[in-house]
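Q: Contents are CSV, C-alpha atoms and all ligand atoms; file name entry-v4.csv:
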```csv
chain,number,residue,atom,x,y,z
N,761,MET,CA,0.0,0.0,0.0
N,762,THR,CA,1.2,3.5,-0.7
N,763,ASP,CA,0.0,6.5,1.3
N,764,GLU,CA,-0.4,8.7,-1.7
N,765,ARG,CA,-2.3,8.4,-4.9
N,766,LYS,CA,0.1,8.0,-7.8
N,767,PRO,CA,-1.2,5.9,-10.7
N,768,GLY,CA,1.2,3.3,-12.2
N,769,HIS,CA,-0.6,3.9,-15.5
N,770,PRO,CA,-2.4,6.9,-16.8
N,771,VAL,CA,-6.0,7.2,-15.6
N,772,ASN,CA,-8.5,10.0,-15.6
N,773,PRO,CA,-7.8,12.1,-12.5
N,774,ILE,CA,-11.3,11.6,-11.1
N,775,PHE,CA,-10.4,8.0,-10.1
N,776,LEU,CA,-7.7,9.4,-7.7
N,777,GLU,CA,-9.7,12.5,-6.6
N,778,ARG,CA,-12.7,10.6,-5.4
N,779,TRP,CA,-12.3,9.6,-1.8
N,780,SER,CA,-14.4,8.7,1.2
N,781,ALA,CA,-13.9,11.6,3.5
N,782,ARG,CA,-15.9,11.9,6.7
N,783,SER,CA,-15.7,15.6,7.5
N,784,PHE,CA,-18.8,17.4,6.2
N,785,THR,CA,-19.6,21.1,6.5
N,786,GLY,CA,-23.2,20.4,7.7
N,787,GLU,CA,-24.7,22.5,4.9
N,788,ALA,CA,-27.7,21.4,2.8
N,789,MET,CA,-27.6,20.6,-0.9
N,790,PRO,CA,-30.0,21.2,-3.8
N,791,GLU,CA,-32.1,18.1,-4.6
N,792,GLY,CA,-31.1,18.6,-8.2
N,793,ASP,CA,-27.5,17.8,-7.4
N,794,LEU,CA,-28.5,14.6,-5.8
N,795,LEU,CA,-30.7,13.7,-8.8
N,796,THR,CA,-27.7,14.2,-11.1
N,797,MET,CA,-25.9,11.6,-9.0
N,798,PHE,CA,-28.8,9.2,-9.3
N,799,GLU,CA,-28.9,9.9,-13.1
N,800,ALA,CA,-25.2,8.9,-13.3
N,801,ALA,CA,-26.1,5.7,-11.5
N,802,ARG,CA,-29.0,5.1,-13.8
N,803,TRP,CA,-26.7,4.7,-16.7
N,804,ALA,CA,-24.5,2.0,-15.1
N,805,HIS,CA,-24.1,-1.3,-16.9
N,806,SER,CA,-25.9,-4.3,-15.6
N,807,ALA,CA,-26.4,-7.9,-16.7
N,808,SER,CA,-29.0,-8.0,-19.4
N,809,ASN,CA,-29.6,-4.3,-18.6
N,810,ARG,CA,-31.9,-5.4,-15.7
N,811,GLN,CA,-30.9,-2.3,-13.6
N,812,PRO,CA,-31.6,-3.9,-10.2
N,813,TRP,CA,-30.4,-0.9,-8.1
N,814,ARG,CA,-32.9,1.1,-6.1
N,815,PHE,CA,-32.4,4.1,-3.8
N,816,SER,CA,-34.2,5.7,-0.9
N,817,TYR,CA,-33.0,9.0,0.3
N,818,ALA,CA,-33.6,12.0,2.5
N,819,LEU,CA,-32.0,15.5,2.2
N,820,ARG,CA,-31.0,17.7,5.2
N,821,GLY,CA,-34.1,19.8,5.9
N,822,ASP,CA,-36.5,17.0,5.0
N,823,PRO,CA,-38.9,16.0,7.8
N,824,ASN,CA,-37.4,12.4,7.8
N,825,PHE,CA,-33.7,13.4,7.6
N,826,GLN,CA,-33.1,12.4,11.3
N,827,ARG,CA,-34.8,9.1,10.6
N,828,TYR,CA,-32.2,8.4,7.9
N,829,VAL,CA,-29.4,9.5,10.2
N,830,HIS,CA,-30.6,6.8,12.6
N,831,PHE,CA,-30.3,4.2,9.7
N,832,LEU,CA,-26.5,4.5,10.2
N,833,ASP,CA,-24.7,2.5,12.9
N,834,ASP,CA,-23.4,4.4,15.9
N,835,GLY,CA,-19.9,4.8,14.5
N,836,ASN,CA,-21.1,6.2,11.2
N,837,GLN,CA,-23.6,8.5,12.8
N,838,GLN,CA,-20.9,10.3,14.7
N,839,TRP,CA,-19.7,11.9,11.4
N,840,GLY,CA,-22.6,11.1,9.1
N,841,HIS,CA,-25.1,13.3,10.9
N,842,LYS,CA,-23.5,16.3,9.2
N,843,ALA,CA,-24.2,15.0,5.7
N,844,ALA,CA,-26.3,16.9,3.3
N,845,ALA,CA,-28.1,13.8,2.2
N,846,ILE,CA,-28.3,10.1,3.2
N,847,VAL,CA,-29.1,7.4,0.6
N,848,ILE,CA,-29.9,3.8,1.2
N,849,VAL,CA,-28.8,1.5,-1.6
N,850,ILE,CA,-31.1,-1.5,-2.2
N,851,SER,CA,-31.0,-4.2,-4.9
N,852,ALA,CA,-33.8,-6.2,-6.4
N,853,LYS,CA,-33.2,-9.9,-6.2
N,854,PHE,CA,-35.8,-10.7,-8.9
N,855,THR,CA,-36.9,-9.4,-12.3
N,856,THR,CA,-40.3,-7.7,-12.5
N,857,PRO,CA,-41.8,-9.0,-15.7
N,858,THR,CA,-44.6,-7.0,-17.3
N,859,ASP,CA,-46.0,-9.9,-19.4
N,860,GLY,CA,-47.4,-11.9,-16.5
N,861,SER,CA,-44.5,-14.4,-16.4
N,862,GLU,CA,-42.9,-15.5,-13.1
N,863,PRO,CA,-40.1,-13.2,-11.7
N,864,ARG,CA,-36.7,-14.7,-12.2
N,865,PRO,CA,-33.7,-14.4,-9.9
N,866,ILE,CA,-31.1,-11.8,-10.8
N,867,GLY,CA,-27.8,-13.6,-10.0
N,868,THR,CA,-25.8,-10.3,-10.4
N,869,HIS,CA,-28.1,-8.0,-8.3
N,870,SER,CA,-25.3,-6.9,-5.9
N,871,LEU,CA,-22.6,-6.7,-8.6
N,872,ASP,CA,-24.8,-4.5,-10.8
N,873,THR,CA,-25.8,-2.3,-7.9
N,874,GLY,CA,-22.1,-1.9,-6.9
N,875,ALA,CA,-21.5,-0.6,-10.5
N,876,ALA,CA,-24.3,1.9,-10.0
N,877,LEU,CA,-22.8,2.9,-6.6
N,878,GLN,CA,-19.5,3.6,-8.3
N,879,SER,CA,-21.1,5.8,-10.9
N,880,PHE,CA,-22.9,7.7,-8.2
N,881,THR,CA,-19.7,8.3,-6.1
N,882,LEU,CA,-17.7,9.4,-9.2
N,883,GLN,CA,-20.4,11.8,-10.3
N,884,ALA,CA,-20.5,13.2,-6.8
N,885,ALA,CA,-16.7,13.7,-6.9
N,886,MET,CA,-16.9,15.4,-10.3
N,887,MET,CA,-19.4,17.9,-8.8
N,888,GLY,CA,-17.1,18.6,-5.8
N,889,TYR,CA,-19.1,16.5,-3.3
N,890,VAL,CA,-18.0,13.7,-1.1
N,891,ALA,CA,-20.1,10.5,-1.4
N,892,HIS,CA,-19.1,8.1,1.3
N,893,PRO,CA,-20.5,4.5,1.1
N,894,MET,CA,-21.2,2.7,4.3
N,895,ALA,CA,-21.9,-1.0,5.1
N,896,GLY,CA,-22.4,0.1,8.7
N,897,ILE,CA,-26.1,0.6,8.7
N,898,GLU,CA,-29.0,-0.6,10.8
N,899,LYS,CA,-30.7,-3.1,8.4
N,900,ASP,CA,-33.5,-4.2,10.7
N,901,ARG,CA,-34.5,-0.6,11.3
N,902,ILE,CA,-34.4,0.2,7.6
N,903,VAL,CA,-36.5,-2.9,6.8
N,904,ALA,CA,-39.1,-1.9,9.4
N,905,GLU,CA,-39.3,1.8,8.7
N,906,LEU,CA,-39.1,1.7,4.9
N,907,GLY,CA,-41.3,-1.4,4.6
N,908,ILE,CA,-38.8,-3.4,2.6
N,909,ASP,CA,-39.6,-7.0,1.6
N,910,GLN,CA,-36.4,-8.8,2.2
N,911,GLU,CA,-37.6,-11.8,0.1
N,912,ARG,CA,-37.4,-9.5,-2.9
N,913,TYR,CA,-34.9,-6.9,-2.0
N,914,LYS,CA,-31.4,-6.7,-0.4
N,915,ILE,CA,-30.3,-3.7,1.6
N,916,GLU,CA,-26.8,-3.1,0.3
N,917,ALA,CA,-25.3,0.0,1.8
N,918,GLY,CA,-25.8,3.6,2.8
N,919,ILE,CA,-24.2,6.7,1.3
N,920,ALA,CA,-23.5,9.9,3.1
N,921,ILE,CA,-23.2,12.9,0.7
N,922,GLY,CA,-21.9,16.4,1.6
N,923,ARG,CA,-19.3,19.1,1.1
N,924,LEU,CA,-15.8,18.5,2.5
N,925,ALA,CA,-14.9,20.4,5.7
N,926,ASP,CA,-11.7,20.7,7.6
N,927,LYS,CA,-10.7,17.5,9.3
N,928,GLU,CA,-10.3,19.4,12.7
N,929,LEU,CA,-14.1,19.6,12.7
N,930,LEU,CA,-14.4,15.8,13.1
N,931,PRO,CA,-14.5,14.0,16.4
N,932,GLU,CA,-10.8,13.4,17.3
N,933,LYS,CA,-10.8,9.6,16.8
N,934,PHE,CA,-11.7,10.1,13.1
N,935,GLN,CA,-9.1,12.8,12.3
N,936,GLU,CA,-6.1,10.6,11.7
N,937,ARG,CA,-8.0,8.5,9.1
N,938,GLU,CA,-9.1,11.6,7.3
N,939,LYS,CA,-6.8,11.3,4.3
N,940,LYS,CA,-6.7,9.6,0.9
N,941,SER,CA,-5.8,6.0,1.1
N,942,GLY,CA,-3.4,4.0,-1.1
N,943,ARG,CA,-4.0,0.8,-3.0
N,944,ARG,CA,-2.3,-2.6,-3.5
N,945,PRO,CA,0.1,-2.7,-6.4
N,946,LEU,CA,-1.5,-3.6,-9.7
N,947,ASP,CA,0.6,-6.8,-10.1
N,948,GLU,CA,-1.1,-8.2,-6.9
N,949,THR,CA,-4.5,-7.7,-8.6
N,950,ALA,CA,-4.4,-8.2,-12.3
N,951,PHE,CA,-2.7,-11.4,-13.6
N,952,LYS,CA,-1.8,-12.0,-17.2
N,953,GLY,CA,-2.7,-15.6,-18.1
N,954,MET,CA,-2.9,-17.8,-15.1
N,955,PHE,CA,-4.5,-16.7,-11.8
N,956,ARG,CA,-2.2,-16.2,-8.9
N,957,ARG,CA,-3.2,-16.1,-5.3
M,1,LIG,C1,-19.4,-1.2,0.4
M,1,LIG,C2,-18.6,-0.2,1.2
M,1,LIG,C3,-18.9,-0.2,2.6
M,1,LIG,C4,-18.2,0.8,3.4
M,1,LIG,N1,-18.6,0.9,4.7
M,1,LIG,C5,-18.0,1.9,5.4
M,1,LIG,C6,-18.5,2.2,6.7
M,1,LIG,O1,-19.5,1.6,7.2
M,1,LIG,N2,-18.0,3.2,7.4
M,1,LIG,C7,-16.9,4.0,6.9
M,1,LIG,O2,-16.5,4.9,7.5
M,1,LIG,N3,-16.5,3.8,5.6
M,1,LIG,C8,-17.0,2.8,4.9
M,1,LIG,N4,-16.6,2.5,3.6
M,1,LIG,C9,-15.5,3.4,3.0
M,1,LIG,C10,-14.2,2.6,2.8
M,1,LIG,O3,-13.6,2.4,4.0
M,1,LIG,C11,-13.3,3.3,1.7
M,1,LIG,O4,-14.0,3.2,0.5
M,1,LIG,C12,-12.0,2.6,1.6
M,1,LIG,O5,-11.2,2.7,2.8
M,1,LIG,C13,-11.2,3.2,0.4
M,1,LIG,O6,-11.0,4.6,0.6
M,1,LIG,P1,-11.5,5.7,-0.4
M,1,LIG,O7,-13.0,5.4,-0.7
M,1,LIG,O8,-11.3,7.0,0.3
M,1,LIG,O9,-10.7,5.5,-1.7
M,1,LIG,C14,-17.2,1.6,2.8
M,1,LIG,C15,-17.0,1.5,1.4
M,1,LIG,C16,-17.7,0.6,0.6
M,1,LIG,C17,-17.4,0.5,-0.8
```
Show the structure stored in the file as structure tokens.
A:
Amino acid sequence: MTDERKPGHPVNPIFLERWSARSFTGEAMPEGDLLTMFEAARWAHSASNRQPWRFSYALRGDPNFQRYVHFLDDGNQQWGHKAAAIVIVISAKFTTPTDGSEPRPIGTHSLDTGAALQSFTLQAAMMGYVAHPMAGIEKDRIVAELGIDQERYKIEAGIAIGRLADKELLPEKFQEREKKSGRRPLDETAFKGMFRR
């Protein structure tokens, strides 16, 4: 791992600029900006173009924003409460045929939804926002309060979106981690020919 973001091969700078910061200013955001991020996610690729991603969201200032803050686990709430919007990412496990045929399982529902999440976070970065994905969410609470049928849908993650603030504004325990992380070398990830462990 390196502690800085230097690509070994040329990539668009946005791949290095996007990062999962935690320090948000606490300001609100226009709903149109969030809709642009959903629009980017909308155009993600998916197996057979089945688009199994779904999103539920609340913006700071909405009557149910605090409800969404409480969808985050305790650790994520400590910084996520200053987000401008909180999104819950959900995937559909089955197709929804319109011809009366039986729904069929979507084997790639999580993979496809991960692609949509990546489009969302990159679009946010391009707009000068931070979009921080979170697995640390209260799934039982989300199921109960959003009325999600777990037979048909999987709760995948949350996303906290906001404008970046100084790291000194974070609770102290998060300040040291408030920097861009490195990555494993490419030769530990991409293997020409035979797979290597
Ligand atoms: C599916 C997923 C779940 C994550 N869950 C959390 C989380 O619960 N809390 C948190 O602070 N960060 C979470 N992260 C952020 C990762 O820690 C972060 O993406 C990773 O360290 C790489 O850093 P970067 O996004 O700044 O490049 C999550 C990221 C992903 C993609």
Q: As a ChimeraX atom specification, please: every protein or nucleic acid residue near ligand LIG 1 (chain M) (cut-off 7 Å, counting all atoms listed in the file).
A: /N:778-781,836,892-897,917,940-941
Q: For Arg765 of chain N, which of N:Gly942, N:Ser806, N:Glu791, N:Leu930 is the closest residue, counting all atoms listed in the file?
A: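 For Arg765 of chain N, the nearest of the given residues is N:Gly942.
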Q: Per residue of segment 775-834 of chain N within 8 Å of segment 920-925 of chain N, which atom pair is closest and at what distance in Å (one decimal), using only C-alpha atoms, listed by chain and increasing number, as a tab-separated table?
A:
```
residue	atom	partner	partner_atom	distance
N:Ala781	CA	N:Leu924	CA	7.2
N:Arg782	CA	N:Leu924	CA	7.8
N:Ser783	CA	N:Ala925	CA	5.2
N:Phe784	CA	N:Leu924	CA	4.9
N:Thr785	CA	N:Ala925	CA	4.8
N:Gly786	CA	N:Gly922	CA	7.4
N:Glu787	CA	N:Arg923	CA	7.4
N:Ala788	CA	N:Gly922	CA	7.8
N:Met789	CA	N:Gly922	CA	7.5
```
Q: Write a file of the selected residues as an mmCIF file, keeping the file's coordinate frame, keeping C-alpha atoms.
A:
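File written: again21.cif
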```cif
data_model
loop_
_atom_site.group_PDB
_atom_site.id
_atom_site.type_symbol
_atom_site.label_atom_id
_atom_site.label_comp_id
_atom_site.auth_asym_id
_atom_site.auth_seq_id
_atom_site.Cartn_x
_atom_site.Cartn_y
_atom_site.Cartn_z
ATOM 1 C CA ALA N 781 -13.900 11.600 3.500
ATOM 2 C CA ARG N 782 -15.900 11.900 6.700
ATOM 3 C CA SER N 783 -15.700 15.600 7.500
ATOM 4 C CA PHE N 784 -18.800 17.400 6.200
ATOM 5 C CA THR N 785 -19.600 21.100 6.500
ATOM 6 C CA GLY N 786 -23.200 20.400 7.700
ATOM 7 C CA GLU N 787 -24.700 22.500 4.900
ATOM 8 C CA ALA N 788 -27.700 21.400 2.800
ATOM 9 C CA MET N 789 -27.600 20.600 -0.900
#
```
Q: Extract, using all atoms listed in the file, all DNA, RNA and protein residues at most 10 Å from Arg957 of chain N, discarding same-chain residues fewer than 5 positions from it, and format them as a list in words.
A: Glu948, Thr949 and Phe951 of chain N
Q: From the list N:Gly888, N:Pro823, N:Gly867, N:Gly835, which residue is nearest Lys933 of chain N when using only C-alpha atoms?
A: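 Counting only C-alpha atoms, the residue closest to Lys933 of chain N is N:Gly835.
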Q: Each residue of segment 786-887 of chain N lying at most 9 Å from segment 909-915 of chain N should get a row with its shortest atom-to-atom pair and the distance in Å to one decimal, counting all atoms listed in the file; could you produce that, ordered by chain and increasing number, as JSON lines?
A:
```
{"residue": "N:Ile848", "atom": "CA", "partner": "N:Ile915", "partner_atom": "CA", "distance": 7.5}
{"residue": "N:Val849", "atom": "CA", "partner": "N:Ile915", "partner_atom": "CA", "distance": 6.3}
{"residue": "N:Ile850", "atom": "CA", "partner": "N:Ile915", "partner_atom": "CA", "distance": 4.5}
{"residue": "N:Ser851", "atom": "CA", "partner": "N:Lys914", "partner_atom": "CA", "distance": 5.2}
{"residue": "N:Ala852", "atom": "CA", "partner": "N:Tyr913", "partner_atom": "CA", "distance": 4.6}
{"residue": "N:Lys853", "atom": "CA", "partner": "N:Arg912", "partner_atom": "CA", "distance": 5.4}
{"residue": "N:Phe854", "atom": "CA", "partner": "N:Arg912", "partner_atom": "CA", "distance": 6.3}
{"residue": "N:His869", "atom": "CA", "partner": "N:Lys914", "partner_atom": "CA", "distance": 8.7}
{"residue": "N:Ser870", "atom": "CA", "partner": "N:Lys914", "partner_atom": "CA", "distance": 8.2}
```
Q: Which residue gives the smallest distance to Arg864 of chain N among N:Arg827, N:Arg810, N:Glu905, N:Glu916, with all atoms listed in the file counted?
A: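 Comparing N:Arg827, N:Arg810, N:Glu905, N:Glu916 against Arg864 of chain N, the winner is N:Arg810.
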Q: Could you tell me which of N:Met886, N:Leu794, N:Ala807, N:Ile902 comes closest to Ala845 of chain N if we count all atoms listed in the file?
A: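 So, comparing all the options, the nearest one is N:Leu794.
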Q: Quick one, how far is atom CA of Phe798 of chain N from atom CA of Phe815 of chain N?
A: 8.3 Å
Q: Please indicate the distance in Å from atom CA of Glu764 of chain N to atom CA of Gly840 of chain N, rounded to one decimal place.
A: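 Separation between atom CA of Glu764 of chain N and atom CA of Gly840 of chain N: 24.8 Å.
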Q: Go through N:Ile908, N:Leu776, N:Gly874, N:Phe831 one by one, measure the shortest atom-to-atom distance of each to Pro812 of chain N using all atoms listed in the file, and give the residue with the smallest value.
A: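 Nearest candidate to Pro812 of chain N out of N:Ile908, N:Leu776, N:Gly874, N:Phe831: N:Gly874.
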Q: So that I can check the surroundings of Leu877 of chain N, please list as an NGL selection string every protein, DNA and RNA residue that reaches within 9 Å of it, counting all atoms listed in the file and ignoring chain neighbours fewer than 4 positions away.
A: :N and (801 or 804 or 813 or 849 or 872-873 or 881-882 or 893 or 919)
Q: Give the answer as one residue: which of N:Ala884, N:Ala844, N:Ala800, N:Val903 has the shortest atom-to-atom distance to Gly821 of chain N, using all atoms listed in the file?
A: N:Ala844
Q: One number please: atom CA of Gly918 of chain N to atom CA of His830 of chain N, in Å, one decimal.
A: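 Interatomic distance here is 11.4 Å.
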